[in-house]
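Listing of protein-v2.cif, mmCIF, C-alpha atoms and all ligand atoms
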data_input
#
loop_
_atom_site.label_atom_id
_atom_site.label_comp_id
_atom_site.auth_asym_id
_atom_site.auth_seq_id
_atom_site.Cartn_x
_atom_site.Cartn_y
_atom_site.Cartn_z
CA MET A 1 -91.65 -7.16 -19.38
CA GLN A 2 -93.00 -9.23 -22.22
CA THR A 3 -95.68 -11.90 -21.95
CA LEU A 4 -96.28 -14.89 -24.21
CA THR A 5 -99.06 -17.45 -23.93
CA VAL A 6 -98.75 -21.18 -24.43
CA ASP A 7 -102.10 -21.84 -26.04
CA LEU A 8 -103.49 -25.14 -24.73
CA GLY A 9 -107.18 -24.38 -24.21
CA ASP A 10 -108.14 -24.45 -20.55
CA ARG A 11 -104.55 -25.39 -19.67
CA SER A 12 -103.08 -22.30 -21.34
CA TYR A 13 -100.49 -20.41 -19.34
CA PRO A 14 -98.37 -17.26 -19.48
CA ILE A 15 -94.60 -16.93 -19.83
CA TYR A 16 -93.36 -13.66 -18.32
CA ILE A 17 -89.95 -12.55 -19.62
CA GLY A 18 -87.86 -9.59 -18.49
CA ALA A 19 -85.63 -7.97 -15.93
CA GLY A 20 -87.18 -8.02 -12.46
CA VAL A 21 -90.28 -10.19 -13.11
CA LEU A 22 -89.54 -11.92 -9.77
CA GLN A 23 -89.86 -8.59 -7.95
CA GLN A 24 -93.47 -8.20 -9.01
CA SER A 25 -96.54 -9.87 -7.51
CA LEU A 26 -96.85 -12.24 -10.46
CA LEU A 27 -95.88 -15.34 -8.55
CA ALA A 28 -98.60 -14.93 -5.90
CA GLN A 29 -101.22 -14.43 -8.61
CA HIS A 30 -100.66 -17.98 -9.82
CA VAL A 31 -100.74 -19.77 -6.47
CA ARG A 32 -104.17 -21.36 -6.06
CA GLY A 33 -104.37 -22.75 -2.51
CA LYS A 34 -102.71 -21.73 0.78
CA GLN A 35 -99.72 -24.06 0.60
CA VAL A 36 -96.54 -23.66 -1.41
CA MET A 37 -93.63 -26.10 -1.71
CA LEU A 38 -90.52 -24.40 -3.03
CA VAL A 39 -88.25 -26.90 -4.78
CA SER A 40 -84.71 -25.70 -5.40
CA ASN A 41 -81.09 -26.75 -4.99
CA GLU A 42 -78.17 -25.87 -2.77
CA THR A 43 -76.73 -23.38 -5.26
CA VAL A 44 -79.82 -21.48 -6.36
CA ALA A 45 -81.82 -21.37 -3.11
CA PRO A 46 -79.34 -19.14 -1.23
CA LEU A 47 -79.25 -16.74 -4.19
CA TYR A 48 -82.95 -16.36 -5.01
CA ARG A 49 -85.11 -17.92 -2.30
CA ALA A 50 -85.58 -14.49 -0.66
CA ALA A 51 -86.76 -12.86 -3.88
CA VAL A 52 -89.28 -15.64 -4.43
CA CYS A 53 -90.55 -15.76 -0.85
CA GLN A 54 -90.97 -12.00 -0.56
CA SER A 55 -94.05 -12.14 -2.78
CA LEU A 56 -95.48 -15.16 -0.93
CA SER A 57 -95.99 -13.77 2.57
CA GLU A 58 -99.69 -14.67 2.56
CA PHE A 59 -98.96 -18.38 1.97
CA GLU A 60 -97.55 -21.26 4.04
CA VAL A 61 -94.21 -21.84 2.32
CA ASP A 62 -92.21 -25.02 2.85
CA GLU A 63 -89.13 -25.98 0.92
CA VAL A 64 -87.10 -28.92 -0.25
CA ILE A 65 -83.50 -28.21 -1.21
CA LEU A 66 -81.87 -30.91 -3.33
CA PRO A 67 -78.17 -31.37 -4.03
CA ASP A 68 -77.00 -29.59 -7.17
CA GLY A 69 -76.43 -31.53 -10.36
CA GLU A 70 -77.67 -33.73 -13.18
CA ALA A 71 -76.25 -36.71 -11.27
CA TYR A 72 -79.02 -36.22 -8.67
CA LYS A 73 -81.85 -36.10 -11.21
CA ASP A 74 -82.94 -39.59 -10.19
CA LEU A 75 -85.83 -41.36 -8.52
CA ALA A 76 -84.18 -41.40 -5.09
CA HIS A 77 -83.77 -37.62 -4.93
CA TRP A 78 -87.13 -37.06 -6.59
CA ASN A 79 -88.69 -39.01 -3.74
CA GLN A 80 -87.39 -36.43 -1.26
CA ILE A 81 -89.95 -33.99 -2.66
CA PHE A 82 -92.76 -36.37 -1.65
CA ASP A 83 -91.16 -36.89 1.76
CA GLN A 84 -91.46 -33.15 2.40
CA LEU A 85 -94.93 -32.80 0.88
CA LEU A 86 -96.25 -35.57 3.12
CA LEU A 87 -94.30 -34.54 6.20
CA LYS A 88 -95.72 -31.02 5.92
CA ARG A 89 -99.17 -32.37 5.04
CA HIS A 90 -99.62 -30.66 1.71
CA ASN A 91 -103.02 -31.24 0.16
CA ARG A 92 -104.30 -31.32 -3.39
CA THR A 93 -104.46 -27.53 -3.68
CA THR A 94 -100.74 -27.10 -2.97
CA THR A 95 -98.56 -25.34 -5.53
CA LEU A 96 -95.01 -26.47 -6.23
CA ILE A 97 -92.57 -23.77 -7.32
CA ALA A 98 -89.52 -24.96 -9.25
CA LEU A 99 -86.68 -22.49 -8.62
CA GLY A 100 -83.60 -23.50 -10.56
CA GLY A 101 -82.37 -24.80 -13.87
CA GLY A 102 -83.76 -27.61 -15.99
CA VAL A 103 -82.83 -30.29 -13.48
CA ILE A 104 -84.97 -28.76 -10.73
CA GLY A 105 -87.73 -27.84 -13.20
CA ASP A 106 -87.94 -31.38 -14.57
CA MET A 107 -87.90 -32.98 -11.11
CA ALA A 108 -90.37 -30.59 -9.47
CA GLY A 109 -92.67 -30.75 -12.48
CA PHE A 110 -92.69 -34.54 -12.41
CA ALA A 111 -93.39 -34.48 -8.66
CA ALA A 112 -96.30 -32.09 -9.32
CA ALA A 113 -97.57 -34.49 -12.00
CA CYS A 114 -97.64 -37.38 -9.53
CA TYR A 115 -98.39 -35.94 -6.09
CA GLN A 116 -101.99 -36.86 -5.33
CA ARG A 117 -102.37 -37.53 -9.08
CA GLY A 118 -101.45 -33.99 -10.05
CA VAL A 119 -101.08 -30.58 -8.43
CA ASN A 120 -100.23 -27.11 -9.75
CA PHE A 121 -96.71 -25.98 -10.34
CA ILE A 122 -94.97 -22.80 -11.38
CA GLN A 123 -91.66 -22.67 -13.20
CA VAL A 124 -89.10 -20.08 -12.12
CA PRO A 125 -86.24 -21.02 -14.46
CA THR A 126 -82.86 -19.57 -13.48
CA THR A 127 -80.55 -20.80 -16.27
CA LEU A 128 -80.65 -19.62 -19.87
CA LEU A 129 -81.32 -23.21 -20.94
CA SER A 130 -84.33 -23.55 -18.69
CA GLN A 131 -85.66 -20.11 -19.64
CA VAL A 132 -85.57 -20.84 -23.36
CA ASP A 133 -86.49 -24.48 -23.30
CA SER A 134 -87.10 -26.81 -20.38
CA SER A 135 -89.52 -24.63 -18.38
CA VAL A 136 -91.93 -24.40 -21.31
CA GLY A 137 -93.95 -27.28 -22.71
CA GLY A 138 -94.68 -29.58 -19.78
CA LYS A 139 -92.10 -32.32 -20.28
CA THR A 140 -91.04 -33.45 -16.84
CA GLY A 141 -89.03 -36.38 -15.55
CA VAL A 142 -85.90 -37.93 -14.13
CA ASN A 143 -83.00 -39.99 -15.46
CA HIS A 144 -82.46 -43.73 -15.14
CA PRO A 145 -78.88 -45.06 -15.09
CA ALA A 146 -79.65 -46.70 -18.46
CA GLY A 147 -81.10 -43.63 -20.16
CA LYS A 148 -81.70 -39.88 -19.92
CA ASN A 149 -85.21 -38.66 -19.03
CA MET A 150 -86.59 -42.18 -19.40
CA ILE A 151 -89.10 -41.82 -16.56
CA GLY A 152 -91.49 -38.91 -16.69
CA ALA A 153 -94.81 -37.34 -17.58
CA PHE A 154 -96.37 -34.49 -19.50
CA HIS A 155 -97.57 -31.93 -16.95
CA GLN A 156 -97.91 -28.27 -17.85
CA PRO A 157 -97.04 -25.51 -15.39
CA VAL A 158 -99.61 -22.78 -14.58
CA ALA A 159 -97.06 -20.03 -15.24
CA VAL A 160 -93.41 -19.49 -16.19
CA LEU A 161 -91.44 -16.54 -14.79
CA ALA A 162 -88.18 -15.95 -16.66
CA ASP A 163 -86.34 -13.14 -14.89
CA THR A 164 -83.36 -12.17 -17.04
CA GLU A 165 -81.57 -10.59 -14.05
CA VAL A 166 -80.91 -13.98 -12.44
CA LEU A 167 -78.69 -14.83 -15.40
CA ASN A 168 -76.05 -12.43 -14.04
CA THR A 169 -74.89 -15.05 -11.53
CA LEU A 170 -74.89 -17.90 -14.04
CA PRO A 171 -71.41 -19.32 -14.84
CA ASP A 172 -70.21 -18.63 -18.41
CA VAL A 173 -70.16 -22.31 -19.30
CA GLU A 174 -73.84 -22.61 -18.35
CA LEU A 175 -74.71 -19.54 -20.40
CA SER A 176 -73.03 -21.19 -23.40
CA ALA A 177 -74.98 -24.40 -22.78
CA GLY A 178 -78.23 -22.44 -22.98
CA LEU A 179 -77.12 -20.85 -26.23
CA ALA A 180 -77.04 -24.33 -27.80
CA GLU A 181 -80.82 -24.56 -27.46
CA VAL A 182 -81.24 -20.97 -28.69
CA ILE A 183 -79.24 -21.81 -31.83
CA LYS A 184 -81.42 -24.91 -32.23
CA TYR A 185 -84.54 -22.74 -32.65
CA GLY A 186 -82.89 -20.81 -35.46
CA LEU A 187 -81.80 -24.04 -37.16
CA ILE A 188 -85.16 -25.79 -37.04
CA HIS A 189 -87.54 -22.91 -37.62
CA ASP A 190 -86.16 -19.45 -38.33
CA ALA A 191 -83.26 -18.69 -40.66
CA ASP A 192 -83.50 -14.95 -39.87
CA PHE A 193 -83.12 -15.69 -36.17
CA PHE A 194 -80.06 -17.80 -36.99
CA THR A 195 -78.57 -14.82 -38.84
CA TRP A 196 -79.49 -12.54 -35.92
CA LEU A 197 -77.60 -14.93 -33.64
CA GLU A 198 -74.56 -14.82 -35.92
CA ASN A 199 -74.59 -11.03 -35.62
CA ASN A 200 -75.29 -10.85 -31.88
CA MET A 201 -73.38 -13.74 -30.36
CA GLN A 202 -70.82 -11.51 -28.65
CA ALA A 203 -73.58 -9.33 -27.14
CA LEU A 204 -75.27 -12.46 -25.80
CA ARG A 205 -72.09 -13.85 -24.29
CA SER A 206 -71.37 -10.52 -22.60
CA ARG A 207 -74.92 -10.65 -21.19
CA ASN A 208 -76.31 -7.61 -22.93
CA ALA A 209 -79.78 -7.41 -21.36
CA ASP A 210 -81.64 -6.46 -24.53
CA ALA A 211 -79.97 -9.15 -26.61
CA LEU A 212 -80.72 -11.80 -23.99
CA ALA A 213 -84.34 -10.70 -23.60
CA TYR A 214 -84.85 -10.90 -27.38
CA ALA A 215 -83.18 -14.32 -27.68
CA ILE A 216 -85.29 -15.69 -24.81
CA TYR A 217 -88.48 -14.18 -26.19
CA ARG A 218 -87.98 -15.51 -29.72
CA SER A 219 -86.96 -18.96 -28.43
CA CYS A 220 -90.01 -19.22 -26.16
CA GLU A 221 -92.23 -17.96 -28.96
CA ILE A 222 -91.08 -20.75 -31.27
CA LYS A 223 -91.33 -23.37 -28.53
CA ALA A 224 -94.81 -22.19 -27.46
CA GLU A 225 -96.00 -22.38 -31.06
CA MET A 226 -94.76 -25.95 -31.50
CA VAL A 227 -96.12 -27.10 -28.14
CA ALA A 228 -99.53 -25.58 -28.88
CA LEU A 229 -99.64 -27.44 -32.21
CA ASP A 230 -98.44 -30.75 -30.83
CA GLU A 231 -98.40 -31.03 -27.03
CA ARG A 232 -97.67 -34.78 -26.93
CA GLU A 233 -95.01 -34.81 -29.63
CA ALA A 234 -96.87 -36.75 -32.28
CA GLY A 235 -95.43 -34.53 -35.02
CA VAL A 236 -93.88 -31.08 -35.27
CA ARG A 237 -92.73 -30.90 -31.63
CA ALA A 238 -90.22 -33.65 -32.32
CA LEU A 239 -88.20 -31.11 -34.33
CA LEU A 240 -87.16 -29.60 -30.98
CA ASN A 241 -85.02 -32.70 -30.54
CA LEU A 242 -82.51 -31.66 -33.19
CA GLY A 243 -79.13 -32.94 -32.04
CA HIS A 244 -80.66 -34.64 -29.00
CA THR A 245 -80.55 -38.28 -30.11
CA PHE A 246 -76.79 -38.00 -30.56
CA GLY A 247 -76.59 -35.60 -27.61
CA HIS A 248 -78.36 -37.87 -25.13
CA ALA A 249 -76.02 -40.70 -26.16
CA ILE A 250 -73.08 -38.40 -25.37
CA GLU A 251 -74.52 -37.43 -21.99
CA THR A 252 -75.24 -41.02 -21.01
CA HIS A 253 -71.83 -42.23 -22.20
CA ALA A 254 -69.90 -39.48 -20.44
CA GLY A 255 -71.84 -39.95 -17.19
CA TYR A 256 -74.56 -37.55 -16.09
CA GLY A 257 -73.12 -34.15 -15.27
CA GLN A 258 -69.81 -34.69 -17.09
CA TRP A 259 -71.01 -33.11 -20.29
CA LEU A 260 -73.59 -30.35 -19.87
CA HIS A 261 -76.84 -30.98 -21.72
CA GLY A 262 -76.30 -27.95 -23.95
CA GLN A 263 -72.74 -29.00 -24.77
CA ALA A 264 -73.94 -32.45 -25.77
CA VAL A 265 -76.71 -30.90 -27.89
CA ALA A 266 -74.16 -28.73 -29.70
CA ALA A 267 -71.91 -31.69 -30.57
CA GLY A 268 -75.01 -33.76 -31.43
CA THR A 269 -76.35 -31.04 -33.70
CA MET A 270 -73.04 -30.96 -35.57
CA MET A 271 -73.47 -34.70 -36.14
CA ALA A 272 -77.02 -34.13 -37.43
CA ALA A 273 -75.70 -31.37 -39.70
CA ASP A 274 -72.93 -33.66 -40.94
CA LEU A 275 -75.42 -36.41 -41.79
CA SER A 276 -77.77 -33.90 -43.45
CA CYS A 277 -74.85 -32.78 -45.60
CA ARG A 278 -73.92 -36.37 -46.49
CA MET A 279 -77.53 -36.85 -47.58
CA GLY A 280 -77.14 -33.81 -49.86
CA TRP A 281 -79.82 -31.79 -48.05
CA ILE A 282 -77.58 -28.97 -46.84
CA ASN A 283 -74.20 -27.99 -48.24
CA ALA A 284 -70.72 -27.72 -46.76
CA ASP A 285 -71.08 -23.92 -46.40
CA ASP A 286 -74.15 -24.43 -44.21
CA VAL A 287 -72.22 -26.89 -42.04
CA ASP A 288 -69.40 -24.34 -41.71
CA ARG A 289 -71.83 -21.61 -40.66
CA ILE A 290 -73.35 -23.87 -38.00
CA GLU A 291 -69.92 -24.88 -36.74
CA ARG A 292 -68.76 -21.25 -36.56
CA LEU A 293 -71.83 -20.24 -34.57
CA PHE A 294 -71.43 -23.05 -32.02
CA LYS A 295 -67.75 -22.15 -31.65
CA ALA A 296 -68.61 -18.47 -31.20
CA ALA A 297 -71.07 -19.54 -28.50
CA GLY A 298 -68.26 -21.34 -26.66
CA LEU A 299 -69.61 -24.81 -27.36
CA PRO A 300 -67.97 -28.11 -28.38
CA ILE A 301 -68.46 -29.27 -31.94
CA LYS A 302 -67.34 -32.90 -31.51
CA PRO A 303 -68.35 -35.63 -29.06
CA PRO A 304 -65.88 -37.07 -26.52
CA ALA A 305 -62.85 -38.58 -28.26
CA ASP A 306 -63.38 -41.98 -26.65
CA MET A 307 -66.84 -42.48 -28.17
CA THR A 308 -67.03 -45.09 -30.92
CA PRO A 309 -69.82 -45.81 -33.44
CA ALA A 310 -70.62 -48.89 -31.30
CA HIS A 311 -71.20 -46.66 -28.28
CA PHE A 312 -73.54 -44.45 -30.28
CA ASN A 313 -75.45 -47.36 -31.79
CA ALA A 314 -76.01 -49.01 -28.43
CA LEU A 315 -77.15 -45.83 -26.71
CA MET A 316 -79.27 -44.50 -29.58
CA SER A 317 -81.30 -47.69 -29.84
CA ILE A 318 -83.00 -46.86 -26.52
CA ASP A 319 -83.88 -43.35 -27.72
CA LYS A 320 -87.54 -42.36 -27.39
CA LYS A 321 -87.66 -41.55 -31.09
CA VAL A 322 -87.08 -45.17 -32.04
CA LEU A 323 -90.46 -46.34 -33.35
CA ASP A 324 -91.04 -50.00 -34.14
CA GLY A 325 -87.31 -50.65 -34.17
CA ARG A 326 -86.47 -47.90 -36.65
CA LEU A 327 -84.29 -45.03 -35.54
CA ARG A 328 -85.73 -41.64 -36.40
CA LEU A 329 -83.56 -38.54 -36.48
CA VAL A 330 -84.15 -34.82 -36.80
CA LEU A 331 -82.17 -33.66 -39.82
CA LEU A 332 -81.80 -30.35 -41.63
CA GLU A 333 -83.17 -29.56 -45.07
CA ALA A 334 -81.82 -26.02 -44.78
CA ILE A 335 -80.79 -23.59 -42.08
CA GLY A 336 -84.22 -22.77 -40.64
CA GLN A 337 -85.90 -25.97 -41.77
CA ALA A 338 -85.81 -29.41 -40.16
CA VAL A 339 -87.52 -32.75 -40.67
CA VAL A 340 -88.02 -35.88 -38.56
CA THR A 341 -87.18 -38.89 -40.66
CA ASP A 342 -86.16 -42.53 -40.70
CA GLN A 343 -85.28 -42.15 -44.38
CA PHE A 344 -81.56 -41.65 -44.10
CA ASP A 345 -78.84 -43.75 -45.57
CA GLN A 346 -77.40 -46.21 -43.03
CA ALA A 347 -73.98 -46.00 -44.64
CA ALA A 348 -74.05 -42.20 -44.35
CA LEU A 349 -75.00 -42.51 -40.67
CA MET A 350 -72.06 -44.86 -40.15
CA GLN A 351 -69.76 -42.31 -41.82
CA THR A 352 -71.08 -39.61 -39.51
CA LEU A 353 -70.49 -41.80 -36.47
CA GLN A 354 -66.96 -42.62 -37.66
CA GLY A 355 -66.16 -39.12 -38.91
CA VAL A 356 -66.50 -37.57 -35.53
CA ARG A 357 -63.58 -39.49 -34.08
N1 LIG A 401 -88.23 -30.59 -19.94
C1 LIG A 401 -87.69 -30.22 -21.07
O1 LIG A 401 -88.39 -29.95 -22.05
C2 LIG A 401 -86.21 -30.07 -21.14
C3 LIG A 401 -85.63 -29.41 -22.21
C4 LIG A 401 -84.25 -29.22 -22.21
C5 LIG A 401 -83.49 -29.70 -21.16
N2 LIG A 401 -84.10 -30.36 -20.13
C6 LIG A 401 -83.32 -30.86 -19.01
O2 LIG A 401 -82.75 -29.72 -18.34
C7 LIG A 401 -81.56 -30.14 -17.67
C8 LIG A 401 -80.48 -29.13 -17.92
O3 LIG A 401 -80.89 -27.89 -17.40
P1 LIG A 401 -79.82 -26.74 -17.07
O4 LIG A 401 -78.92 -26.60 -18.20
O5 LIG A 401 -80.61 -25.59 -16.61
O6 LIG A 401 -78.94 -27.40 -15.90
P2 LIG A 401 -79.02 -27.33 -14.30
O7 LIG A 401 -80.40 -27.32 -13.83
O8 LIG A 401 -78.12 -28.40 -13.81
O9 LIG A 401 -78.35 -25.92 -13.95
C9 LIG A 401 -77.02 -25.69 -14.32
C10 LIG A 401 -76.16 -25.19 -13.13
O10 LIG A 401 -76.40 -23.81 -12.92
C11 LIG A 401 -76.73 -23.58 -11.56
N3 LIG A 401 -77.61 -22.42 -11.56
C12 LIG A 401 -78.89 -22.38 -11.95
N4 LIG A 401 -79.33 -21.11 -11.97
C13 LIG A 401 -78.30 -20.34 -11.55
C14 LIG A 401 -78.14 -18.95 -11.39
N5 LIG A 401 -79.11 -18.08 -11.70
N6 LIG A 401 -76.95 -18.48 -10.91
C15 LIG A 401 -75.95 -19.36 -10.65
N7 LIG A 401 -76.02 -20.68 -10.83
C16 LIG A 401 -77.19 -21.16 -11.29
C17 LIG A 401 -77.34 -24.87 -11.13
O11 LIG A 401 -77.34 -25.00 -9.73
C18 LIG A 401 -76.45 -25.87 -11.83
O12 LIG A 401 -75.26 -26.04 -11.11
C19 LIG A 401 -81.24 -31.51 -18.20
O13 LIG A 401 -81.57 -32.46 -17.20
C20 LIG A 401 -82.16 -31.70 -19.38
O14 LIG A 401 -82.54 -33.03 -19.59
C21 LIG A 401 -85.42 -30.56 -20.11
ZN ZN A 402 -82.41 -29.93 -24.87
#
Starting from the file, give its structure as structure tokens.
Ligand SMILES: NC(=O)c1ccc[n+]([C@@H]2O[C@H](COP(=O)([O-])OP(=O)(O)OC[C@H]3O[C@@H](n4cnc5c(N)ncnc54)[C@H](O)[C@@H]3O)[C@@H](O)[C@H]2O)c1
Ligand SMILES: [Zn+2]
Amino acid sequence: MQTLTVDLGDRSYPIYIGAGVLQQSLLAQHVRGKQVMLVSNETVAPLYRAAVCQSLSEFEVDEVILPDGEAYKDLAHWNQIFDQLLLKRHNRTTTLIALGGGVIGDMAGFAAACYQRGVNFIQVPTTLLSQVDSSVGGKTGVNHPAGKNMIGAFHQPVAVLADTEVLNTLPDVELSAGLAEVIKYGLIHDADFFTWLENNMQALRSRNADALAYAIYRSCEIKAEMVALDEREAGVRALLNLGHTFGHAIETHAGYGQWLHGQAVAAGTMMAADLSCRMGWINADDVDRIERLFKAAGLPIKPPADMTPAHFNALMSIDKKVLDGRLRLVLLEAIGQAVVTDQFDQAALMQTLQGVR
């Protein structure tokens, strides 16, 4: 097992990574009061509820099991968590445990942020995407029909337990979606890691335990560093949104759950790479390398064929990175180096939006 720390002063917390971390007593160590509310979904609960509950015998454990899918990441289903918390009379010392992928983690975390103005929660991420990204950093929230993740809060967990063994039941397409975020870390921050990914993509897709553990560790290490520097995303943390402005537009356009988040991020990152190349910041060989790696990871490299520049423009204008009416994008200066900027050529952006069709 490996342990990382997200360094946020008195709100610092550990990330435990490795095979079998759920089998240890780690979970119980991070529960503060007597009450636990397990939040999971209909797919993950039957698989891993027993492993989680086995270490919680000394606590009163209640559960809320939500339907499975991004389409249910909304206020109505989020409210079901409060229904259970109140029905079972949970008090301010309760601990919520999010057992599932990013959808459950985001919803349970946001419920923990709001229940009685804030209670503890523990992330037990069960997808690659949630282990490398969404469980770390304290962004929580739900979708609105008009925009992804538009309602939410910053609320850090007290611990993250990433058990690599749970990935064995993850569908291939979900594994690929998680690899999109892993590739993102290489692109924005670590050219050597990008090269390592080029050399180890087949091992990752065949779920080699050592390769996965290293990819998760390095991804969490980069994320933890950026979050510690900039918890509220005033600066460097925004680089983690590479490909996401385009990607969120794709997800919203396609309808939540039609395109997986990671798939949309892959296609969105190709658009960011294309624009970076048009700006002369990276060259065509770099774009080819990025495209090859996404393809090797089993990810799409273009948005849905029915999306027009008008669709993108309309959806991107509501993006959270629009400041004072100016769209800001994360673009690449090199493989391993990204920048947040509103200094891109509008005509080049238009070409990128048209070029993808
Ligand atoms: N908070 C953040 O910083 C952050 C960052 C990135 C993404 N996100 C959010 O995360 C969400 C995407 O997360 P995701 O990709 O984990 O999707 P997800 O939560 O929908 O999980 C994907 C699918 O895998 C199933 N599943 C989960 N674990 C499994 C396992 N071990 N075995 C078998 N099946 C399993 C789920 O039930 C679901 O059907 C999006 O809503 C996105 O906005 C948040
Ligand atoms: Zn993401």
List the neighbours of range 187-191 of chain A out to 7 Å using all atoms listed in the file; skip same-chain residues closer than 4 positions along the sequence, and give me the result as a PyMOL selection string.
chain A and resi 183+195+239+335-338
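The gap separating CA of Ala51 in chain A from CA of Ile216 in chain A is 21.2 Å, in Å to one decimal.
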Each residue of chain A with at least one atom at most 8 Å from ligand LIG 401 (chain A) should appear once, together with its nearest atom pair and the corresponding distance in Å (one decimal); atoms considered: all atoms listed in the file; ordering: chain, then increasing residue number; output as CSV.
residue,atom,partner,partner_atom,distance
A:Asn41,CA,A:LIG401,O11,6.3
A:Glu42,CA,A:LIG401,O11,7.1
A:Thr43,CA,A:LIG401,O11,4.8
A:Val44,CA,A:LIG401,O11,5.5
A:Leu47,CA,A:LIG401,N6,7.3
A:Tyr48,CA,A:LIG401,N5,7.9
A:Asp68,CA,A:LIG401,O11,5.3
A:Gly69,CA,A:LIG401,O8,5.0
A:Glu70,CA,A:LIG401,O8,5.4
A:Lys73,CA,A:LIG401,O13,7.0
A:Gly100,CA,A:LIG401,C12,5.0
A:Gly101,CA,A:LIG401,O7,3.2
A:Gly102,CA,A:LIG401,O3,3.2
A:Val103,CA,A:LIG401,O7,3.9
A:Ile104,CA,A:LIG401,O7,5.7
A:Gly105,CA,A:LIG401,N1,7.3
A:Asp106,CA,A:LIG401,N1,5.4
A:Pro125,CA,A:LIG401,N4,7.3
A:Thr126,CA,A:LIG401,N4,4.1
A:Thr127,CA,A:LIG401,N4,4.5
A:Leu128,CA,A:LIG401,O5,6.8
A:Leu129,CA,A:LIG401,O4,5.0
A:Ser130,CA,A:LIG401,O5,4.7
A:Asp133,CA,A:LIG401,C3,5.1
A:Ser134,CA,A:LIG401,C2,3.5
A:Ser135,CA,A:LIG401,N1,6.3
A:Val136,CA,A:LIG401,O1,6.6
A:Gly137,CA,A:LIG401,O1,6.2
A:Gly138,CA,A:LIG401,N1,6.5
A:Lys139,CA,A:LIG401,N1,4.3
A:Thr140,CA,A:LIG401,N1,5.1
A:Gly141,CA,A:LIG401,N1,7.3
A:Val142,CA,A:LIG401,O13,7.6
A:Asn143,CA,A:LIG401,O13,7.9
A:Lys148,CA,A:LIG401,O14,6.9
A:Asn149,CA,A:LIG401,O14,6.3
A:Val166,CA,A:LIG401,N5,4.5
A:Leu167,CA,A:LIG401,N5,4.9
A:Asn168,CA,A:LIG401,N5,6.8
A:Thr169,CA,A:LIG401,N6,4.0
A:Leu170,CA,A:LIG401,N6,3.8
A:Pro171,CA,A:LIG401,C15,6.2
A:Glu174,CA,A:LIG401,C9,6.0
A:Ala177,CA,A:LIG401,O4,6.4
A:Gly178,CA,A:LIG401,O4,6.4
A:Glu181,CA,A:LIG401,C4,7.8
A:Gly257,CA,A:LIG401,O8,7.8
A:Leu260,CA,A:LIG401,O4,6.7
A:His261,CA,A:LIG401,C8,5.6
A:Gly262,CA,A:LIG401,O4,6.5
Separation of CA of Met316 in chain A from CA of Ala272 in chain A, in Å and rounded to one decimal
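Pair CA of Met316 in chain A / CA of Ala272 in chain A returns 13.2 Å.
Nearest residue to ligand ZN 402 (chain A), choosing from A:Val158, A:Leu349, A:Val61, A:Val182 and counting all atoms listed in the file: A:Val182.
Here the question is which of A:Asp230, A:Asp210, A:Asp288, A:Asp306 gets nearest to Leu8 in chain A using all atoms listed in the file, and that residue is A:Asp230.
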Best match for closeness to ligand ZN 402 (chain A) among A:Ala273, A:Val265, A:Ala334, A:Ala238, counting all atoms listed in the file
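Looking only at the distances to ligand ZN 402 (chain A), the closest residue turns out to be A:Val265.
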Could you check which of A:Ile318, A:Glu165, A:Leu75, A:Ala264 is closest to Asn208 in chain A, using all atoms listed in the file?
A:Glu165
Do a neighbour search on range 111-120 of chain A at 8 Å with only C-alpha atoms, toss out local chain neighbours closer than 3 positions, and write the hits as a ChimeraX atom specification.
/A:32,78,81-82,91-96,107-108,153-155,157-158
Produce a file of the selected residues containing C-alpha atoms, as an mmCIF file, in the coordinates of the input.
data_model
loop_
_atom_site.group_PDB
_atom_site.id
_atom_site.type_symbol
_atom_site.label_atom_id
_atom_site.label_comp_id
_atom_site.auth_asym_id
_atom_site.auth_seq_id
_atom_site.Cartn_x
_atom_site.Cartn_y
_atom_site.Cartn_z
ATOM 1 C CA ARG A 32 -104.170 -21.360 -6.060
ATOM 2 C CA TRP A 78 -87.130 -37.060 -6.590
ATOM 3 C CA ILE A 81 -89.950 -33.990 -2.660
ATOM 4 C CA PHE A 82 -92.760 -36.370 -1.650
ATOM 5 C CA ASN A 91 -103.020 -31.240 0.160
ATOM 6 C CA ARG A 92 -104.300 -31.320 -3.390
ATOM 7 C CA THR A 93 -104.460 -27.530 -3.680
ATOM 8 C CA THR A 94 -100.740 -27.100 -2.970
ATOM 9 C CA THR A 95 -98.560 -25.340 -5.530
ATOM 10 C CA LEU A 96 -95.010 -26.470 -6.230
ATOM 11 C CA MET A 107 -87.900 -32.980 -11.110
ATOM 12 C CA ALA A 108 -90.370 -30.590 -9.470
ATOM 13 C CA ALA A 153 -94.810 -37.340 -17.580
ATOM 14 C CA PHE A 154 -96.370 -34.490 -19.500
ATOM 15 C CA HIS A 155 -97.570 -31.930 -16.950
ATOM 16 C CA PRO A 157 -97.040 -25.510 -15.390
ATOM 17 C CA VAL A 158 -99.610 -22.780 -14.580
#
Selected residue of minimal separation from Phe194 in chain A among A:Ala267, A:Leu293, A:Val173, A:Ala249, counting all atoms listed in the file
A:Leu293
Restricting the calculation to only C-alpha atoms: of A:Leu242, A:Ala28, A:Leu275, A:Ile301, which residue gets closest to Val339 in chain A?
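Looking at the shortest contact to Val339 in chain A, the residue is A:Leu242.
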